[in-house]
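Chemist: Below is the file query_22.pdb, with PDB, C-alpha atoms.
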ATOM      1  CA  MET F   1    -100.545 -82.278 -52.489
ATOM      2  CA  LYS F   2     -98.674 -82.508 -49.207
ATOM      3  CA  LEU F   3     -97.732 -78.874 -49.658
ATOM      4  CA  PHE F   4    -101.351 -77.790 -49.693
ATOM      5  CA  PRO F   5    -101.673 -77.228 -45.914
ATOM      6  CA  PHE F   6     -98.579 -75.015 -46.046
ATOM      7  CA  LEU F   7     -99.634 -73.111 -49.165
ATOM      8  CA  LEU F   8    -103.132 -72.432 -47.941
ATOM      9  CA  PRO F   9    -102.130 -69.789 -45.321
ATOM     10  CA  CYS F  10     -99.943 -68.041 -47.934
ATOM     11  CA  ILE F  11    -102.764 -67.902 -50.466
ATOM     12  CA  LEU F  12    -105.201 -66.697 -47.826
ATOM     13  CA  GLY F  13    -102.740 -64.017 -46.709
ATOM     14  CA  ALA F  14    -102.357 -62.738 -50.267
ATOM     15  CA  ALA F  15    -106.120 -62.707 -50.784
ATOM     16  CA  ILE F  16    -106.503 -60.643 -47.617
ATOM     17  CA  ALA F  17    -103.605 -58.271 -48.270
ATOM     18  CA  PHE F  18    -104.175 -57.275 -51.901
ATOM     19  CA  PRO F  19    -107.639 -55.730 -51.643
ATOM     20  CA  SER F  20    -106.562 -53.615 -48.666
ATOM     21  CA  LEU F  21    -103.419 -52.507 -50.514
ATOM     22  CA  SER F  22    -105.403 -51.386 -53.529
ATOM     23  CA  ASN F  23    -107.796 -49.492 -51.234
ATOM     24  CA  ALA F  24    -104.860 -47.762 -49.538
ATOM     25  CA  GLN F  25    -103.529 -46.610 -52.899
ATOM     26  CA  THR F  26    -106.909 -45.177 -53.862
ATOM     27  CA  ASP F  27    -107.098 -43.309 -50.563
ATOM     28  CA  THR F  28    -103.650 -41.782 -51.100
ATOM     29  CA  THR F  29    -104.403 -40.620 -54.617
ATOM     30  CA  GLN F  30    -107.699 -39.125 -53.485
ATOM     31  CA  GLN F  31    -106.022 -37.067 -50.784
ATOM     32  CA  ALA F  32    -105.490 -33.507 -51.959
ATOM     33  CA  TYR F  33    -102.875 -31.275 -50.480
ATOM     34  CA  LEU F  34    -103.498 -27.597 -50.064
ATOM     35  CA  ASN F  35    -100.759 -25.198 -49.107
ATOM     36  CA  MET F  36    -103.014 -22.941 -47.103
ATOM     37  CA  ILE F  37    -104.283 -23.204 -43.541
ATOM     38  CA  THR F  38    -107.072 -20.868 -42.540
ATOM     39  CA  TYR F  39    -108.525 -19.796 -39.218
ATOM     40  CA  GLU F  40    -111.508 -17.569 -38.693
ATOM     41  CA  HIS F  41    -113.496 -15.835 -35.985
ATOM     42  CA  LYS F  42    -116.997 -14.597 -36.672
ATOM     43  CA  ALA F  43    -119.123 -12.642 -34.274
ATOM     44  CA  PRO F  44    -121.668  -9.869 -34.652
ATOM     45  CA  HIS F  45    -119.757  -6.801 -35.790
ATOM     46  CA  GLN F  46    -116.418  -8.539 -35.510
ATOM     47  CA  TYR F  47    -114.483 -10.610 -38.016
ATOM     48  CA  ALA F  48    -110.945 -11.937 -37.886
ATOM     49  CA  THR F  49    -109.051 -14.306 -40.112
ATOM     50  CA  VAL F  50    -105.527 -15.692 -40.118
ATOM     51  CA  LEU F  51    -104.128 -17.644 -43.044
ATOM     52  CA  TYR F  52    -100.726 -19.128 -43.597
ATOM     53  CA  MET F  53     -98.817 -21.445 -45.882
ATOM     54  CA  PRO F  54     -97.153 -24.273 -44.029
ATOM     55  CA  TYR F  55     -94.548 -24.888 -46.735
ATOM     56  CA  TYR F  56     -91.463 -22.743 -47.356
ATOM     57  CA  PRO F  57     -91.252 -19.999 -48.507
ATOM     58  CA  ALA F  58     -94.215 -19.432 -46.287
ATOM     59  CA  TYR F  59     -96.261 -16.323 -45.863
ATOM     60  CA  GLY F  60     -99.178 -15.488 -43.673
ATOM     61  CA  MET F  61    -101.813 -12.855 -43.311
ATOM     62  CA  ILE F  62    -103.922 -11.460 -40.488
ATOM     63  CA  SER F  63    -107.058  -9.414 -40.819
ATOM     64  CA  PHE F  64    -109.115  -8.029 -37.972
ATOM     65  CA  ARG F  65    -112.236  -5.973 -38.570
ATOM     66  CA  SER F  66    -114.770  -4.386 -36.285
ATOM     67  CA  PRO F  67    -116.613  -1.069 -36.413
ATOM     68  CA  GLU F  68    -113.766   0.531 -34.439
ATOM     69  CA  CYS F  69    -110.829  -1.305 -35.875
ATOM     70  CA  THR F  70    -109.330  -2.249 -39.199
ATOM     71  CA  ALA F  71    -106.009  -4.011 -38.965
ATOM     72  CA  GLU F  72    -104.242  -6.120 -41.552
ATOM     73  CA  ILE F  73    -100.741  -7.363 -42.111
ATOM     74  CA  ALA F  74     -99.164  -9.975 -44.345
ATOM     75  CA  GLY F  75     -95.625 -11.238 -43.964
ATOM     76  CA  TYR F  76     -93.239 -14.122 -43.373
ATOM     77  CA  ILE F  77     -93.876 -17.194 -41.263
ATOM     78  CA  ASP F  78     -91.230 -18.456 -38.855
ATOM     79  CA  PRO F  79     -90.904 -22.169 -39.786
ATOM     80  CA  PHE F  80     -89.039 -23.068 -36.568
ATOM     81  CA  ALA F  81     -91.734 -21.557 -34.378
ATOM     82  CA  LEU F  82     -94.348 -23.612 -36.229
ATOM     83  CA  LYS F  83     -92.648 -26.786 -34.989
ATOM     84  CA  ASN F  84     -93.162 -25.486 -31.466
ATOM     85  CA  LYS F  85     -96.843 -24.819 -32.095
ATOM     86  CA  LYS F  86     -96.353 -21.067 -32.452
ATOM     87  CA  LEU F  87     -97.479 -19.120 -35.473
ATOM     88  CA  ILE F  88     -95.365 -15.990 -35.890
ATOM     89  CA  ILE F  89     -96.092 -13.628 -38.762
ATOM     90  CA  THR F  90     -93.498 -10.923 -39.374
ATOM     91  CA  TYR F  91     -93.868  -7.834 -41.494
ATOM     92  CA  LYS F  92     -90.859  -5.516 -41.269
ATOM     93  CA  LEU F  93     -90.361  -5.012 -37.504
ATOM     94  CA  CYS F  94     -93.894  -6.016 -36.545
ATOM     95  CA  LYS F  95     -94.267  -9.550 -35.192
ATOM     96  CA  VAL F  96     -97.591 -11.105 -34.269
ATOM     97  CA  SER F  97     -97.637 -14.489 -32.583
ATOM     98  CA  PHE F  98    -100.367 -17.020 -31.826
ATOM     99  CA  ASP F  99    -100.381 -20.294 -29.921
ATOM    100  CA  ILE F 100    -101.537 -23.205 -32.052
ATOM    101  CA  THR F 101    -103.713 -25.260 -29.744
ATOM    102  CA  GLN F 102    -106.517 -27.836 -29.628
ATOM    103  CA  ASN F 103    -104.758 -30.209 -31.983
ATOM    104  CA  ASN F 104    -104.143 -27.428 -34.554
ATOM    105  CA  GLN F 105    -107.816 -26.498 -34.562
ATOM    106  CA  GLU F 106    -107.443 -23.210 -32.716
ATOM    107  CA  LEU F 107    -105.246 -20.109 -32.661
ATOM    108  CA  SER F 108    -105.176 -18.335 -29.331
ATOM    109  CA  ASN F 109    -103.213 -15.936 -27.140
ATOM    110  CA  PRO F 110    -102.269 -13.368 -29.801
ATOM    111  CA  GLN F 111     -99.405 -11.065 -28.958
ATOM    112  CA  GLU F 112     -97.823  -8.278 -30.947
ATOM    113  CA  THR F 113     -94.661  -6.228 -30.687
ATOM    114  CA  ASP F 114     -94.838  -2.455 -30.093
ATOM    115  CA  THR F 115     -93.841  -1.779 -33.687
ATOM    116  CA  CYS F 116     -97.145  -3.243 -34.899
ATOM    117  CA  GLN F 117     -98.891  -0.054 -33.744
ATOM    118  CA  ASP F 118     -98.072   1.401 -37.156
ATOM    119  CA  TYR F 119    -100.532  -1.023 -38.749
ATOM    120  CA  HIS F 120    -103.661  -0.476 -36.715
ATOM    121  CA  PRO F 121    -105.512   2.370 -34.967
ATOM    122  CA  LYS F 122    -104.510   3.229 -31.401
ATOM    123  CA  ASN F 123    -107.747   1.944 -29.903
ATOM    124  CA  CYS F 124    -107.189  -1.649 -31.008
ATOM    125  CA  SER F 125    -104.461  -4.163 -31.628
ATOM    126  CA  PHE F 126    -103.837  -7.646 -33.011
ATOM    127  CA  SER F 127    -103.588  -8.811 -29.385
ATOM    128  CA  GLN F 128    -107.351  -8.265 -29.064
ATOM    129  CA  ILE F 129    -108.191 -10.897 -31.672
ATOM    130  CA  PRO F 130    -110.329 -13.598 -30.035
ATOM    131  CA  SER F 131    -109.498 -17.268 -30.454
ATOM    132  CA  LEU F 132    -109.854 -18.412 -34.048
ATOM    133  CA  ARG F 133    -111.096 -21.773 -35.266
ATOM    134  CA  GLN F 134    -109.642 -23.590 -38.246
ATOM    135  CA  ILE F 135    -111.950 -23.798 -41.232
ATOM    136  CA  SER F 136    -112.109 -26.793 -43.535
ATOM    137  CA  LEU F 137    -110.839 -26.319 -47.075
ATOM    138  CA  GLU F 138    -111.049 -29.987 -47.969
ATOM    139  CA  LYS F 139    -113.207 -29.684 -51.061
ATOM    140  CA  HIS F 140    -111.471 -28.875 -54.295
ATOM    141  CA  PRO F 141    -112.845 -28.185 -57.718
TER     142      PRO F 141
ATOM    143  CA  MET V   1    -108.001 -85.620 -52.748
ATOM    144  CA  ILE V   2    -109.898 -83.837 -55.489
ATOM    145  CA  LYS V   3    -112.646 -83.149 -53.004
ATOM    146  CA  ARG V   4    -110.144 -81.516 -50.628
ATOM    147  CA  ILE V   5    -108.731 -79.329 -53.394
ATOM    148  CA  SER V   6    -112.144 -78.236 -54.597
ATOM    149  CA  LEU V   7    -113.137 -77.491 -51.008
ATOM    150  CA  GLY V   8    -109.998 -75.371 -50.594
ATOM    151  CA  VAL V   9    -110.636 -73.427 -53.791
ATOM    152  CA  LEU V  10    -114.242 -72.850 -52.803
ATOM    153  CA  SER V  11    -113.254 -71.579 -49.373
ATOM    154  CA  LEU V  12    -110.711 -69.209 -50.974
ATOM    155  CA  LEU V  13    -113.322 -67.844 -53.332
ATOM    156  CA  ALA V  14    -115.756 -67.380 -50.481
ATOM    157  CA  ILE V  15    -113.185 -65.477 -48.374
ATOM    158  CA  SER V  16    -112.097 -63.139 -51.181
ATOM    159  CA  CYS V  17    -115.710 -62.407 -52.175
ATOM    160  CA  SER V  18    -116.793 -61.679 -48.628
ATOM    161  CA  GLN V  19    -113.804 -59.380 -48.165
ATOM    162  CA  SER V  20    -114.469 -57.327 -51.263
ATOM    163  CA  VAL V  21    -118.079 -56.972 -50.155
ATOM    164  CA  CYS V  22    -116.890 -55.917 -46.703
ATOM    165  CA  ALA V  23    -114.429 -53.421 -48.198
ATOM    166  CA  LYS V  24    -117.129 -51.912 -50.374
ATOM    167  CA  THR V  25    -119.514 -51.680 -47.456
ATOM    168  CA  HIS V  26    -116.831 -50.102 -45.300
ATOM    169  CA  HIS V  27    -115.935 -47.629 -48.068
ATOM    170  CA  ALA V  28    -119.576 -46.741 -48.529
ATOM    171  CA  THR V  29    -120.006 -46.264 -44.796
ATOM    172  CA  ALA V  30    -116.897 -44.123 -44.670
ATOM    173  CA  SER V  31    -118.039 -41.941 -47.564
ATOM    174  CA  LYS V  32    -121.483 -41.659 -46.030
ATOM    175  CA  HIS V  33    -119.899 -40.632 -42.759
ATOM    176  CA  SER V  34    -117.615 -38.091 -44.415
ATOM    177  CA  LYS V  35    -120.589 -36.763 -46.385
ATOM    178  CA  GLU V  36    -122.493 -36.286 -43.151
ATOM    179  CA  THR V  37    -119.519 -34.573 -41.549
ATOM    180  CA  ALA V  38    -119.087 -32.357 -44.596
ATOM    181  CA  THR V  39    -122.769 -31.450 -44.498
ATOM    182  CA  LYS V  40    -122.453 -30.564 -40.841
ATOM    183  CA  THR V  41    -119.377 -28.382 -41.394
ATOM    184  CA  GLU V  42    -120.842 -26.749 -44.476
ATOM    185  CA  LYS V  43    -123.949 -25.579 -42.697
ATOM    186  CA  PRO V  44    -124.238 -21.978 -43.833
ATOM    187  CA  THR V  45    -123.791 -19.352 -41.201
ATOM    188  CA  ALA V  46    -125.488 -16.016 -41.431
ATOM    189  CA  PRO V  47    -123.106 -13.267 -42.458
ATOM    190  CA  VAL V  48    -122.297 -11.161 -39.439
ATOM    191  CA  LEU V  49    -120.804  -8.310 -41.389
ATOM    192  CA  SER V  50    -121.714  -7.438 -44.920
ATOM    193  CA  ASP V  51    -118.211  -7.020 -46.225
ATOM    194  CA  PRO V  52    -115.206  -8.599 -44.607
ATOM    195  CA  GLN V  53    -115.369 -12.323 -45.219
ATOM    196  CA  ILE V  54    -112.286 -13.837 -46.759
ATOM    197  CA  SER V  55    -112.590 -15.511 -50.154
ATOM    198  CA  ILE V  56    -110.368 -18.432 -51.050
ATOM    199  CA  TYR V  57    -110.012 -19.567 -54.639
ATOM    200  CA  SER V  58    -108.328 -22.733 -55.760
ATOM    201  CA  ALA V  59    -107.598 -24.793 -58.838
ATOM    202  CA  HIS V  60    -106.485 -28.349 -58.436
ATOM    203  CA  LYS V  61    -105.394 -30.506 -61.323
ATOM    204  CA  GLU V  62    -103.609 -33.745 -60.655
ATOM    205  CA  LYS V  63    -100.301 -32.806 -59.060
ATOM    206  CA  ASN V  64    -100.799 -29.089 -59.536
ATOM    207  CA  ASN V  65    -102.047 -27.006 -56.718
ATOM    208  CA  TYR V  66    -102.810 -23.332 -56.920
ATOM    209  CA  VAL V  67    -104.489 -21.343 -54.212
ATOM    210  CA  ILE V  68    -105.230 -17.692 -53.859
ATOM    211  CA  ALA V  69    -106.713 -16.219 -50.754
ATOM    212  CA  LEU V  70    -107.950 -12.687 -50.794
ATOM    213  CA  TYR V  71    -110.651 -10.208 -50.087
ATOM    214  CA  THR V  72    -112.440  -9.563 -53.290
ATOM    215  CA  ASP V  73    -114.843  -6.745 -52.616
ATOM    216  CA  ARG V  74    -112.530  -4.136 -51.296
ATOM    217  CA  PRO V  75    -108.843  -3.309 -51.067
ATOM    218  CA  GLY V  76    -107.074  -5.738 -48.816
ATOM    219  CA  LYS V  77    -104.261  -8.204 -48.371
ATOM    220  CA  ALA V  78    -103.847 -11.357 -50.395
ATOM    221  CA  LEU V  79    -101.786 -14.525 -50.381
ATOM    222  CA  ILE V  80    -100.951 -16.549 -53.471
ATOM    223  CA  THR V  81     -99.476 -20.024 -53.435
ATOM    224  CA  TYR V  82     -98.733 -21.838 -56.661
ATOM    225  CA  ASP V  83     -97.265 -25.319 -56.826
ATOM    226  CA  SER V  84     -96.921 -27.454 -59.935
ATOM    227  CA  PRO V  85     -94.277 -29.899 -61.172
ATOM    228  CA  THR V  86     -92.474 -27.066 -62.992
ATOM    229  CA  CYS V  87     -93.380 -24.031 -60.945
ATOM    230  CA  GLN V  88     -93.392 -23.085 -57.333
ATOM    231  CA  ALA V  89     -94.248 -19.603 -56.227
ATOM    232  CA  ASN V  90     -95.628 -18.078 -53.098
ATOM    233  CA  SER V  91     -96.343 -14.414 -52.720
ATOM    234  CA  TYR V  92     -98.167 -11.948 -50.561
ATOM    235  CA  GLY V  93     -99.318  -8.447 -51.219
ATOM    236  CA  ASP V  94    -102.132  -5.953 -51.571
ATOM    237  CA  THR V  95    -105.207  -5.977 -53.756
ATOM    238  CA  VAL V  96    -107.184  -3.082 -55.157
ATOM    239  CA  LEU V  97    -110.214  -3.021 -57.380
ATOM    240  CA  ASN V  98    -109.855  -1.496 -60.806
ATOM    241  CA  SER V  99    -111.861   1.714 -60.531
ATOM    242  CA  LYS V 100    -113.065   1.369 -64.156
ATOM    243  CA  ASN V 101    -113.900  -2.324 -63.933
ATOM    244  CA  LYS V 102    -115.131  -3.449 -60.541
ATOM    245  CA  SER V 103    -114.802  -7.120 -61.423
ATOM    246  CA  GLU V 104    -111.072  -6.717 -61.926
ATOM    247  CA  ILE V 105    -108.700  -7.060 -58.994
ATOM    248  CA  ILE V 106    -105.081  -5.976 -59.185
ATOM    249  CA  PHE V 107    -102.614  -7.749 -56.909
ATOM    250  CA  THR V 108     -99.294  -6.088 -56.131
ATOM    251  CA  SER V 109     -96.555  -8.168 -54.538
ATOM    252  CA  THR V 110     -95.172  -6.609 -51.360
ATOM    253  CA  GLU V 111     -91.700  -7.997 -51.969
ATOM    254  CA  ASP V 112     -91.548  -6.699 -55.523
ATOM    255  CA  PRO V 113     -94.117  -3.989 -56.258
ATOM    256  CA  LEU V 114     -93.262  -4.298 -59.960
ATOM    257  CA  CYS V 115     -94.906  -7.713 -59.924
ATOM    258  CA  LYS V 116     -98.593  -7.098 -60.542
ATOM    259  CA  VAL V 117    -101.165  -9.750 -61.284
ATOM    260  CA  THR V 118    -104.578  -8.938 -62.730
ATOM    261  CA  LEU V 119    -107.446 -11.158 -61.640
ATOM    262  CA  GLN V 120    -110.827 -11.143 -63.311
ATOM    263  CA  LYS V 121    -113.891 -12.233 -61.400
ATOM    264  CA  THR V 122    -116.126 -14.269 -63.679
ATOM    265  CA  ALA V 123    -119.522 -15.876 -63.383
ATOM    266  CA  ASN V 124    -119.981 -18.976 -61.225
ATOM    267  CA  ASN V 125    -117.658 -17.749 -58.495
ATOM    268  CA  GLN V 126    -114.554 -18.122 -60.590
ATOM    269  CA  LEU V 127    -111.417 -16.092 -60.805
ATOM    270  CA  LYS V 128    -109.173 -15.939 -63.864
ATOM    271  CA  ILE V 129    -105.667 -14.525 -63.866
ATOM    272  CA  THR V 130    -105.706 -12.480 -67.037
ATOM    273  CA  LYS V 131    -102.247 -10.950 -67.022
ATOM    274  CA  GLU V 132     -99.130 -10.402 -65.025
ATOM    275  CA  THR V 133     -96.109  -8.145 -65.360
ATOM    276  CA  SER V 134     -92.735  -9.550 -66.397
ATOM    277  CA  ALA V 135     -91.303  -8.894 -62.920
ATOM    278  CA  CYS V 136     -93.419 -11.775 -61.606
ATOM    279  CA  THR V 137     -91.149 -14.201 -63.487
ATOM    280  CA  ALA V 138     -88.721 -13.873 -60.592
ATOM    281  CA  TRP V 139     -91.307 -15.520 -58.365
ATOM    282  CA  HIS V 140     -92.304 -18.480 -60.474
ATOM    283  CA  GLY V 141     -89.446 -19.060 -62.931
ATOM    284  CA  ASP V 142     -89.352 -18.976 -66.729
ATOM    285  CA  PHE V 143     -91.305 -22.131 -67.465
ATOM    286  CA  CYS V 144     -94.728 -21.034 -66.359
ATOM    287  CA  SER V 145     -96.769 -18.012 -65.470
ATOM    288  CA  PHE V 146     -99.618 -17.129 -63.182
ATOM    289  CA  SER V 147    -101.654 -16.178 -66.233
ATOM    290  CA  SER V 148    -101.374 -19.712 -67.638
ATOM    291  CA  LEU V 149    -103.407 -21.023 -64.721
ATOM    292  CA  SER V 150    -106.826 -22.431 -65.315
ATOM    293  CA  PRO V 151    -109.681 -20.429 -63.763
ATOM    294  CA  LEU V 152    -109.831 -20.742 -60.013
ATOM    295  CA  THR V 153    -113.015 -21.719 -58.257
ATOM    296  CA  ARG V 154    -114.070 -20.253 -54.957
ATOM    297  CA  ILE V 155    -113.753 -22.928 -52.288
ATOM    298  CA  TYR V 156    -114.536 -20.699 -49.334
ATOM    299  CA  PRO V 157    -117.149 -19.538 -48.646
ATOM    300  CA  GLN V 158    -119.010 -22.099 -50.712
TER     301      GLN V 158
END
Once you've parsed the file, please lay out its structure as structure tokens.
Modeler:
Amino acid sequence: MKLFPFLLPCILGAAIAFPSLSNAQTDTTQQAYLNMITYEHKAPHQYATVLYMPYYPAYGMISFRSPECTAEIAGYIDPFALKNKKLIITYKLCKVSFDITQNNQELSNPQETDTCQDYHPKNCSFSQIPSLRQISLEKHP
Amino acid sequence: MIKRISLGVLSLLAISCSQSVCAKTHHATASKHSKETATKTEKPTAPVLSDPQISIYSAHKEKNNYVIALYTDRPGKALITYDSPTCQANSYGDTVLNSKNKSEIIFTSTEDPLCKVTLQKTANNQLKITKETSACTAWHGDFCSFSSLSPLTRIYPQ
């Protein structure tokens, strides 16, 4: 009986800890992982999307459409650049890069190498893509 | 002494009950909040162009994760990512519509043009991989195939 005052905090601690542990496990199992990150820009007569897989071997794709311009490439992702908040998609000699900003919610400042001219009309380029916002793909069937 | 013990047991019961109630309430609040957020993010936006919106299809079963992203209504680029306990395969390439069957999309891998995957659009916004060429084995190994996947459901746009 003398042990009761010492045991009481232990029992209380266990009673507090176990429900929260079981909740944490449920949360983890409910989390779904999706190997695809998608950004989009929608405006009247202009649509752009950039998708990439964050896990190796990773590929990405860019599509930019307007009445004057149709430009699409798909290629490799540079995994080292991703760590530095840069998304670089490479197809053959063409490299297109974006800054990943706003806590991963936005792609901005697109830049392309001269060799990308082979993949779009002369009057437009991937560098003209406006900032893109990440879209939520949280729901799964 | 017995009184003290019974008091202790009662207090323990009271604490654990109140906590489970609190946890449930918190969980309910959290789900309600996430539901509200989801409703806000899912608010449909008017299509700005008739054609170009990306379509993303996914199937998700336990540890398996398969995603395909593509344009369905016209020739375009596509990404495929496939991850299961026995198979991992990522690919990118071009899609064209079968001229004889407009609901059939043929994906050709850029890295190996001999790898072709046929996708069939079905009712209820689903996509079924109906066949693939043997060259695709190089991308996902011998123990599985793209065509063994369960039908994929469109997750974007919903």
Chemist: Which residues come within 6 Å of F:Tyr52, counting only C-alpha atoms, excluding same-chain residues fewer than 5 positions away, as a compact mmCIF listing (two decimals) with C-alpha atoms, in the coordinates of the input?
Modeler:
# COMPACT_ATOMS: atom_id res chain seq x y z
CA MET F 36 -103.01 -22.94 -47.10
CA ILE F 37 -104.28 -23.20 -43.54
CA TYR F 59 -96.26 -16.32 -45.86
CA GLY F 60 -99.18 -15.49 -43.67
Chemist: If we count only C-alpha atoms and set the cut-off at 6 Å, which residues sit around V:Ser147, ignoring sequence neighbours fewer than 6 positions away in its own chain? Please answer as a list in words.
Modeler: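 Once the adjacent positions are removed, what remains is Ile129, Thr130 and Lys131 of chain V.
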Chemist: Box along x, y and z, 8 Å on every side, all listed atoms of stretch 118-125 of chain F inside: centre and edge lengths in Å to one decimal, as AutoDock Vina command-line options.
Modeler:
--center_x -102.9 --center_y -0.5 --center_z -34.3 --size_x 25.7 --size_y 23.4 --size_z 24.8
Chemist: Please provide the set of residues having any atom within 9 Å of stretch 105-107 of chain V, restricted to only C-alpha atoms, with same-chain residues fewer than 5 positions apart removed, written as a list in words.
Modeler: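 Final neighbour list, sorted by chain and number: Thr72, Asp73, Pro75, Lys77, Ala78, Tyr92, Gly93, Asp94, Thr95, Val96, Leu97, Asn98, Cys115, Lys116, Val117, Thr118, Leu119, Gln120 and Lys121 of chain V.
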Chemist: Near F:Asn104, within 10 Å and counting all atoms listed in the file, which residues show up once chain neighbours fewer than 2 positions away are dropped, as a PyMOL selection string?
Modeler: chain F and resi 37+39+85+99-102+106-107+133-134
Chemist: Interatomic distance between atom CA of F:Ile62 and atom CA of F:Phe126?
Modeler: 8.4 Å
Chemist: What gap, in Å, lies between atom CA of V:Ile68 and atom CA of V:Ile80?
Modeler: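 Atom CA of V:Ile80 lies 4.4 Å from atom CA of V:Ile68.
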Chemist: Given all atoms listed in the file as the basis, pick out the residue of V:Cys144, V:Ser150, V:Thr86, V:Asn65 nearest to V:Gln126.
Modeler: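 Checking each of V:Cys144, V:Ser150, V:Thr86, V:Asn65 against V:Gln126, counting all atoms listed in the file, the winner is V:Ser150.
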Chemist: Pull the closest atom pair for each residue of stretch 16-106 of chain F that gets at most 8 Å from stretch 111-122 of chain F, along with the distance in Å to one decimal, counting only C-alpha atoms, ordering rows by chain and then ascending residue number, as a Markdown table.
Modeler:
| residue | atom | partner | partner_atom | distance |
| --- | --- | --- | --- | --- |
| F:Cys69 | CA | F:Pro121 | CA | 6.5 |
| F:Thr70 | CA | F:His120 | CA | 6.4 |
| F:Ala71 | CA | F:His120 | CA | 4.8 |
| F:Glu72 | CA | F:Tyr119 | CA | 6.9 |
| F:Ile73 | CA | F:Tyr119 | CA | 7.2 |
| F:Leu93 | CA | F:Thr115 | CA | 6.1 |
| F:Cys94 | CA | F:Cys116 | CA | 4.6 |
| F:Lys95 | CA | F:Thr113 | CA | 5.6 |
| F:Val96 | CA | F:Glu112 | CA | 4.4 |
| F:Ser97 | CA | F:Gln111 | CA | 5.3 |
| F:Phe98 | CA | F:Gln111 | CA | 6.7 |
Chemist: Please produce a file of the residues just selected, as an mmCIF file, keeping the file's coordinate frame, where the atoms kept are C-alpha atoms.
Modeler:
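part.cif, written as the output of this step:
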data_model
loop_
_atom_site.group_PDB
_atom_site.id
_atom_site.type_symbol
_atom_site.label_atom_id
_atom_site.label_comp_id
_atom_site.auth_asym_id
_atom_site.auth_seq_id
_atom_site.Cartn_x
_atom_site.Cartn_y
_atom_site.Cartn_z
ATOM 1 C CA CYS F 69 -110.829 -1.305 -35.875
ATOM 2 C CA THR F 70 -109.330 -2.249 -39.199
ATOM 3 C CA ALA F 71 -106.009 -4.011 -38.965
ATOM 4 C CA GLU F 72 -104.242 -6.120 -41.552
ATOM 5 C CA ILE F 73 -100.741 -7.363 -42.111
ATOM 6 C CA LEU F 93 -90.361 -5.012 -37.504
ATOM 7 C CA CYS F 94 -93.894 -6.016 -36.545
ATOM 8 C CA LYS F 95 -94.267 -9.550 -35.192
ATOM 9 C CA VAL F 96 -97.591 -11.105 -34.269
ATOM 10 C CA SER F 97 -97.637 -14.489 -32.583
ATOM 11 C CA PHE F 98 -100.367 -17.020 -31.826
#
Chemist: Excluding stretch 41-43 of chain F and residues on its chain fewer than 2 positions from it, collect all residues at most 7 Å away from it, counting all atoms listed in the file, and give them as an MDAnalysis selection string.
Modeler: (chainID F and resid 45:49 131:133) or (chainID V and resid 48)
Chemist: Using all atoms listed in the file, can you tell me which of F:Pro44, F:Pro67, F:Pro130, F:Gly75 comes closest to V:Asn90?
Modeler: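 Checking each of F:Pro44, F:Pro67, F:Pro130, F:Gly75 against V:Asn90, counting all atoms listed in the file, the winner is F:Gly75.
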Chemist: In Å to one decimal, how far is atom CA of F:Asn35 from atom CA of V:Asp83?
Modeler: 8.5 Å
Chemist: Can you turn the PyMOL selection byres ((chain V and resi 135) around 9) into a concrete residue list for this file, as a list in words?
Modeler: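 After applying the PyMOL selection byres ((chain V and resi 135) around 9), what remains is Asp112, Pro113, Leu114, Cys115, Lys116, Glu132, Thr133, Ser134, Cys136, Thr137, Ala138 and Trp139 of chain V.
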Chemist: Which residue, F:Asn123, F:Tyr91, F:Leu34, F:Ser66, has the smallest gap to F:Met53 when you use only C-alpha atoms?
Modeler: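 Of all the options, F:Leu34 lies closest to F:Met53.
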Chemist: Using the chain letters and numbers from the file, give me the residues hit by the PyMOL selection byres ((chain V and resi 84) around 9), as a list in words.
Modeler: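 Checked against the file, the PyMOL selection byres ((chain V and resi 84) around 9) matches Lys63, Asn64, Asn65, Tyr66, Tyr82, Asp83, Pro85, Thr86, Cys87 and Gln88 of chain V.
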Chemist: Could the residues in this selection be saved with C-alpha atoms as a short mmCIF file (atom, residue, chain, number, x, y, z; two decimals), in the coordinates of the input?
Modeler:
data_model
loop_
_atom_site.label_atom_id
_atom_site.label_comp_id
_atom_site.auth_asym_id
_atom_site.auth_seq_id
_atom_site.Cartn_x
_atom_site.Cartn_y
_atom_site.Cartn_z
CA LYS V 63 -100.30 -32.81 -59.06
CA ASN V 64 -100.80 -29.09 -59.54
CA ASN V 65 -102.05 -27.01 -56.72
CA TYR V 66 -102.81 -23.33 -56.92
CA TYR V 82 -98.73 -21.84 -56.66
CA ASP V 83 -97.26 -25.32 -56.83
CA PRO V 85 -94.28 -29.90 -61.17
CA THR V 86 -92.47 -27.07 -62.99
CA CYS V 87 -93.38 -24.03 -60.94
CA GLN V 88 -93.39 -23.08 -57.33
#
Chemist: Find, counting only C-alpha atoms, the residue in F:Lys92, F:Asp78, F:Ser136, F:Ser125 that gets nearest to chain V.
Modeler: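 Looking at the shortest contact to chain V, the residue is F:Ser136.
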